[in-house]
Amino acid sequence: MSKALDPLEVMPVSPHASLTRGALRLWCLLLIVFLWLPIVFLVLFSFEASKTVGFPIPGLTLDWYGELPSNGPLVSAVANSISVALLTAFIGSIVGTMAAFVLVRGGLRFPNGARIVVTLPIMFPGVLIGMGLLIFLAGILKIRLGLGTVVAGHLVLTVPFVVLIVAARLQDFDRRLEWAAADLGASPARTLRHILLPLISPAILAGALLSITLSIDEFVVTFFTVGPQLTLPIYIYTQVKIGVTPEVNAVATLMLIGTVILLGAVALAASQGRRAARALRARIGAT
Amino acid sequence: MAKQSSDGAAVAPSDTGAAPGARSLWASRWPALPAVLGLVLLFLVPMGIVGLYSLWRINNNLQLVTDWSLKNYALFFNNAVYLRTFGKTLLVATLATGVTVGVALPFAYFIVRYLTGAWQRVVLLGVIIPFWSSYLLRAYSWQSILGEKGVVNQALQAIGLISDPITFFNYTNSAVVLVLVYVYLPFAVLAIYASLEKFDFGLLTAAQDLGASPLRAVRHVLLPSIRPGIITACIFVFIPILGEYLTPTLVGGVEGTLIANLIINFQRGGQLPLAAAASFLIAIFVTVLLVVFRRYLRVQAVVGRV
Amino acid sequence: MINRQLSRRDFLKGSAGVGATAFLAACTPSAAGPSGSAAAAPSATVEAGPLNFLTWNDHWNKDALTQAQQLLGITVNVTELSDDPDGIAKMQSVGGQLDIVSLDGSWVPKANDLSLIEPFDINSLAVASQLYSISRTFDIWTTPQGYLAYPWGWSPIVIAYNPKFVSPAPEGWEALIDPKYAKRVVLEDEPFDITLWSGLATGAKDVFDMTDAELAQCKDWLTKLKPNILKFVAQNDGVISALAKEECWLGNQNLGVEERVKKAGGIEVKAIVAKEGTTGFYDGEMTVKAGDNKARVRPYLEFAAQAEWVAQNFIDNGRPLFNEKAYSLLVNAGKKDLADRYFYNQPELALKMRVKGPSTRDADYLNLFNSVFGA
């Protein structure tokens, strides 16, 4: 997105403009601090040389990071959370993308109604969804609770996001690109693979990443659908009751770093994707 | 950019062209099958079952009895406390939404108006990344910042500004609102950002050229045209708060109790029908809100940005 | 979990001079393990899934679970129980996915009435010979088909207080509603029990079967209690941590709260049994009828209920347990004072408490509680 230099920036129209601007800048700064303050403490506590998180901090240490690999339950909780999140994102982005096509192009009679139904799982209280899944899956279908049912629960929460994000992208999509490809003799399948998917892939990616985020941090629905396994939020919750140890903060810090790296990689891939898309568009000759 | 309706949510008329005969219907709709199956089996059917539960009861032997009645709902409406708790939940949600949106608005305005493309992305990342770390730990972190023995109190006491700790945020309603604002702020910023981005700031200048004061220009030109974004932000903050029980549990204590906490009490006490009825009422309320504000459910604007 | 490890280390450090060989033997992985386990091991290592255990946080030792895995090949998955009715509801909903579940007092026969558990001949377990005989013959746990649960521990609910802030020393439940202690009380999130206490405090005739008039009095009392409650916590270790951090000055607890708070934060707390009477529990482990791996319950108990582990658990949690042999280990380890202070040697007291159980009006009790603690 290349924004032309705002003429107002060059030539303030009112004497108050620079004052307003300064005040807004301060406001922005304050909010960033507000958003990051707990994160800063979360990370700081992970280096704390006492066994309870919080103040006072008697000294700093890296021991908690060292002890991580030997904490069996915590390690398995992290592993479970990551596998659930990846599986959820994988299944969810396929299922959700397919549904998005129908939502936008399926000629539905009540598209807005469909959209509301799709939005419901995002907006309903987690307690309600969890309770429903527990009664239906375990109580009625007699399905064993486990990571499988957790994935099922997380799909309920995340697929709607994928559908709506991809649908929005499809809505904005310039169909002349497809028609051009068809005119040039491309089969529908080829058009899909070489034109459509590359152009909507940023949206699919955004949906998948969001699914990962939501899944990894989901507590309420997991609590109802999980079997005897632990996931990270459930582990943390049991710790919150008795006093979180810095070990948990150490895990959270590592995961945050992992996230930032992942985000960076995705941003890079996305910008390459955009460049490729632009090239593609240029080649086909559409605007 | 392709043609776009004023609010991204309204669906453009289908341009499949072909007359939707049975065959082509199938051809154009089969890809939704897995999602529809999932939606039905994992969402609609479970909700239906919870709906049935809400009409049944649990006997003294903790067994489900399938007597049909509306008693569970009546209990809710006949007891002032439940209604009051629901009212309080609405109030807390309204307050948190107001604060969140009020805080996010100038923030988003600043980003769009005064920052270049690269900086915009950096600041937006700064808004999104905190949302990527454990919610439970962030809430816990707030406790150690604002709690009775938290860093703020210790610092103020150390410099002698106060002698007794400030308990304003120690398991109170204010703590609940603060943490809710914190949790939902990124959504509001992103939703408002998305609509500001499309705003032509030249209009503001034009208004001022025509003699409007800057404030008037903002009120009568800017705000109306970003109204969809603001409403989207409100929906995405307000509605999820109605079912919140973790935040009140972790930072609100008894004072911070919201309606979902009472539901959890029923559920843990084995009284599923009562829990079902109360949560169904919230669900109905949410559904009504979604139908009323259907034009503003622009999920992509809120979370579609990486 | 770390708390637990540290406290064990502390204990070992403190008792090294006294000669706690029995404990060392039990706690060192290289030790052969308690006698019963060797015999049980071969039969248990057959192909089977993990043992799924729904229980409270103080019913198991981390090291015992590790060794059960190493020596017997039994992986134990522990999930936490929030309240007795929750335990019943879980057993009803998840079917075979639970093998062994703990419940209190007359909730145990309730589970049996619902055909959720399997009675067994307690005397057929070798480890049961270590139990006080009284715990093998509780009336409410005895049925023609067998005994309903393997007894674990007991305690009256006591009121713990921090003498630095709470004076005069409280005598009964009314201390909890003293306006002096606004937002200084933390209780376990067990709406039933809290309603029962309000019944005791207001002199209800039978707290498990209160009349509407009595419930109305409970409501008044709970209404006075409300401004004093800072928060409800999910398990009793939450109360310990709140007391230790001086977040609260009063809380409900089991026997042994003094030691646990000291371990958690080093401050002094005291505990009393309310003069109006209190509820209490004796609890035990039940075999779930539908459990997929219920065959592993017996070998697990034979191993993890051994006196050495039980004694260690007493050191960690400080409320009396039913294993008599563990008492003699404690005495030998120089912990007689501690054990006697918490009535370890007087299991008959367990029968004198008003034991936790379902009321005749569960939904009404919950509704009452919610009506007060809503907004």
# chains A, B, ... in the order shown; residues from 1 in each chain; ligands from 1
call {"tool": "interface_residues", "arguments": {"of": "chain B", "to": "chain C", "cutoff": "7 Å", "atoms": "only C-alpha atoms", "output": "ChimeraX atom specification"}}
result
/B:60,81-82,84-85,88,171,253-254,257,262,266,268-271
call {"tool": "closest_residue", "arguments": {"among": "B:Ala207, B:Ala74, B:Ile162, B:Leu95", "to": "chain A", "atoms": "only C-alpha atoms"}}
result
B:Ala207
call {"tool": "residues_around", "arguments": {"residues": "Thr225 of chain A", "least_positions_apart": "6", "cutoff": "12 Å", "atoms": "only C-alpha atoms", "output": "number ranges by chain"}}
result
A: 126-127, 129-139, 143-154, 156, 218-219, 231, 234; B: 42; C: 90, 93-94
call {"tool": "write_last_selection", "arguments": {"atoms": "C-alpha atoms", "output": "PDB file, in the first residue's frame"}}
result
ATOM      1  CA  GLY A 126     -17.628 -20.588  24.863  1.00  0.00           C
ATOM      2  CA  VAL A 127     -19.379 -22.194  27.819  1.00  0.00           C
ATOM      3  CA  ILE A 129     -20.421 -24.358  22.790  1.00  0.00           C
ATOM      4  CA  GLY A 130     -18.294 -26.427  25.141  1.00  0.00           C
ATOM      5  CA  MET A 131     -21.272 -27.778  27.026  1.00  0.00           C
ATOM      6  CA  GLY A 132     -23.058 -28.686  23.785  1.00  0.00           C
ATOM      7  CA  LEU A 133     -20.030 -30.490  22.389  1.00  0.00           C
ATOM      8  CA  LEU A 134     -19.465 -32.384  25.612  1.00  0.00           C
ATOM      9  CA  ILE A 135     -23.051 -33.605  25.859  1.00  0.00           C
ATOM     10  CA  PHE A 136     -23.292 -34.490  22.167  1.00  0.00           C
ATOM     11  CA  LEU A 137     -19.868 -36.004  21.480  1.00  0.00           C
ATOM     12  CA  ALA A 138     -19.201 -37.778  24.748  1.00  0.00           C
ATOM     13  CA  GLY A 139     -22.674 -38.257  26.190  1.00  0.00           C
ATOM     14  CA  ILE A 143     -16.886 -40.578  21.235  1.00  0.00           C
ATOM     15  CA  ARG A 144     -13.791 -40.711  23.409  1.00  0.00           C
ATOM     16  CA  LEU A 145     -12.645 -37.303  24.499  1.00  0.00           C
ATOM     17  CA  GLY A 146      -9.111 -36.534  23.509  1.00  0.00           C
ATOM     18  CA  LEU A 147      -7.082 -34.312  21.258  1.00  0.00           C
ATOM     19  CA  GLY A 148      -9.396 -35.313  18.398  1.00  0.00           C
ATOM     20  CA  THR A 149     -12.419 -33.826  20.102  1.00  0.00           C
ATOM     21  CA  VAL A 150     -10.366 -30.759  21.018  1.00  0.00           C
ATOM     22  CA  VAL A 151      -9.581 -30.267  17.317  1.00  0.00           C
ATOM     23  CA  ALA A 152     -13.276 -30.655  16.547  1.00  0.00           C
ATOM     24  CA  GLY A 153     -14.113 -27.982  19.109  1.00  0.00           C
ATOM     25  CA  HIS A 154     -11.432 -25.644  17.812  1.00  0.00           C
ATOM     26  CA  VAL A 156     -16.062 -24.851  15.333  1.00  0.00           C
ATOM     27  CA  GLU A 218      -8.255 -21.496  23.626  1.00  0.00           C
ATOM     28  CA  PHE A 219      -9.204 -22.417  27.153  1.00  0.00           C
ATOM     29  CA  THR A 231      -2.906 -28.423  26.647  1.00  0.00           C
ATOM     30  CA  ILE A 234      -5.143 -25.859  30.719  1.00  0.00           C
TER      31      ILE A 234
ATOM     32  CA  LEU B  42     -20.448 -29.800  15.754  1.00  0.00           C
TER      33      LEU B  42
ATOM     34  CA  LYS C  90     -18.062 -36.326  34.494  1.00  0.00           C
ATOM     35  CA  SER C  93     -20.683 -38.018  30.459  1.00  0.00           C
ATOM     36  CA  VAL C  94     -17.314 -39.478  29.533  1.00  0.00           C
TER      37      VAL C  94
END
call {"tool": "interface_residues", "arguments": {"of": "chain C", "to": "chain A", "cutoff": "9 Å", "atoms": "only C-alpha atoms", "output": "list in words"}}
result
Met1, Ile2, Asn3, Asn52, Phe53, Leu54, Asn77, Val78, Thr79, Glu80, Gln92, Ser93, Val94, Gly95, Gly96, Gln97, Leu98, Val233, Ala234, Gln235, Asn236, Asp237, Gly238, Val239, Ile240, Ser241 and Ala242 of chain C
call {"tool": "write_last_selection", "arguments": {"atoms": "C-alpha atoms", "output": "PDB file, in the first residue's frame"}}
result
ATOM      1  CA  MET C   1       4.136 -29.194  41.212  1.00  0.00           C
ATOM      2  CA  ILE C   2       7.328 -27.346  41.900  1.00  0.00           C
ATOM      3  CA  ASN C   3       5.986 -26.410  45.285  1.00  0.00           C
ATOM      4  CA  ASN C  52      -7.343 -42.178  34.106  1.00  0.00           C
ATOM      5  CA  PHE C  53      -7.674 -40.698  37.555  1.00  0.00           C
ATOM      6  CA  LEU C  54     -10.095 -37.880  38.396  1.00  0.00           C
ATOM      7  CA  ASN C  77      -3.335 -39.388  33.872  1.00  0.00           C
ATOM      8  CA  VAL C  78      -4.536 -37.166  36.643  1.00  0.00           C
ATOM      9  CA  THR C  79      -7.306 -34.677  35.986  1.00  0.00           C
ATOM     10  CA  GLU C  80      -8.621 -32.350  38.644  1.00  0.00           C
ATOM     11  CA  GLN C  92     -21.945 -39.808  33.534  1.00  0.00           C
ATOM     12  CA  SER C  93     -20.683 -38.018  30.459  1.00  0.00           C
ATOM     13  CA  VAL C  94     -17.314 -39.478  29.533  1.00  0.00           C
ATOM     14  CA  GLY C  95     -18.077 -43.162  29.996  1.00  0.00           C
ATOM     15  CA  GLY C  96     -15.017 -45.380  29.770  1.00  0.00           C
ATOM     16  CA  GLN C  97     -12.554 -42.546  29.900  1.00  0.00           C
ATOM     17  CA  LEU C  98     -12.263 -42.555  33.660  1.00  0.00           C
ATOM     18  CA  VAL C 233     -10.707 -20.249  44.107  1.00  0.00           C
ATOM     19  CA  ALA C 234     -10.938 -23.517  42.252  1.00  0.00           C
ATOM     20  CA  GLN C 235      -9.045 -25.777  44.636  1.00  0.00           C
ATOM     21  CA  ASN C 236      -7.867 -25.566  48.209  1.00  0.00           C
ATOM     22  CA  ASP C 237      -4.278 -24.819  47.224  1.00  0.00           C
ATOM     23  CA  GLY C 238      -5.654 -21.505  45.955  1.00  0.00           C
ATOM     24  CA  VAL C 239      -6.682 -20.652  49.513  1.00  0.00           C
ATOM     25  CA  ILE C 240      -3.231 -21.611  50.753  1.00  0.00           C
ATOM     26  CA  SER C 241      -1.574 -19.309  48.254  1.00  0.00           C
ATOM     27  CA  ALA C 242      -3.944 -16.420  49.067  1.00  0.00           C
TER      28      ALA C 242
END
call {"tool": "closest_residue", "arguments": {"among": "A:Leu192, A:Leu26, A:Val40, A:Ile165", "to": "chain B", "atoms": "only C-alpha atoms"}}
result
A:Ile165
call {"tool": "closest_residue", "arguments": {"among": "B:Phe201, B:Thr89, B:Pro46, B:Trp56", "to": "Tyr114 of chain B", "atoms": "only C-alpha atoms"}}
result
B:Phe201
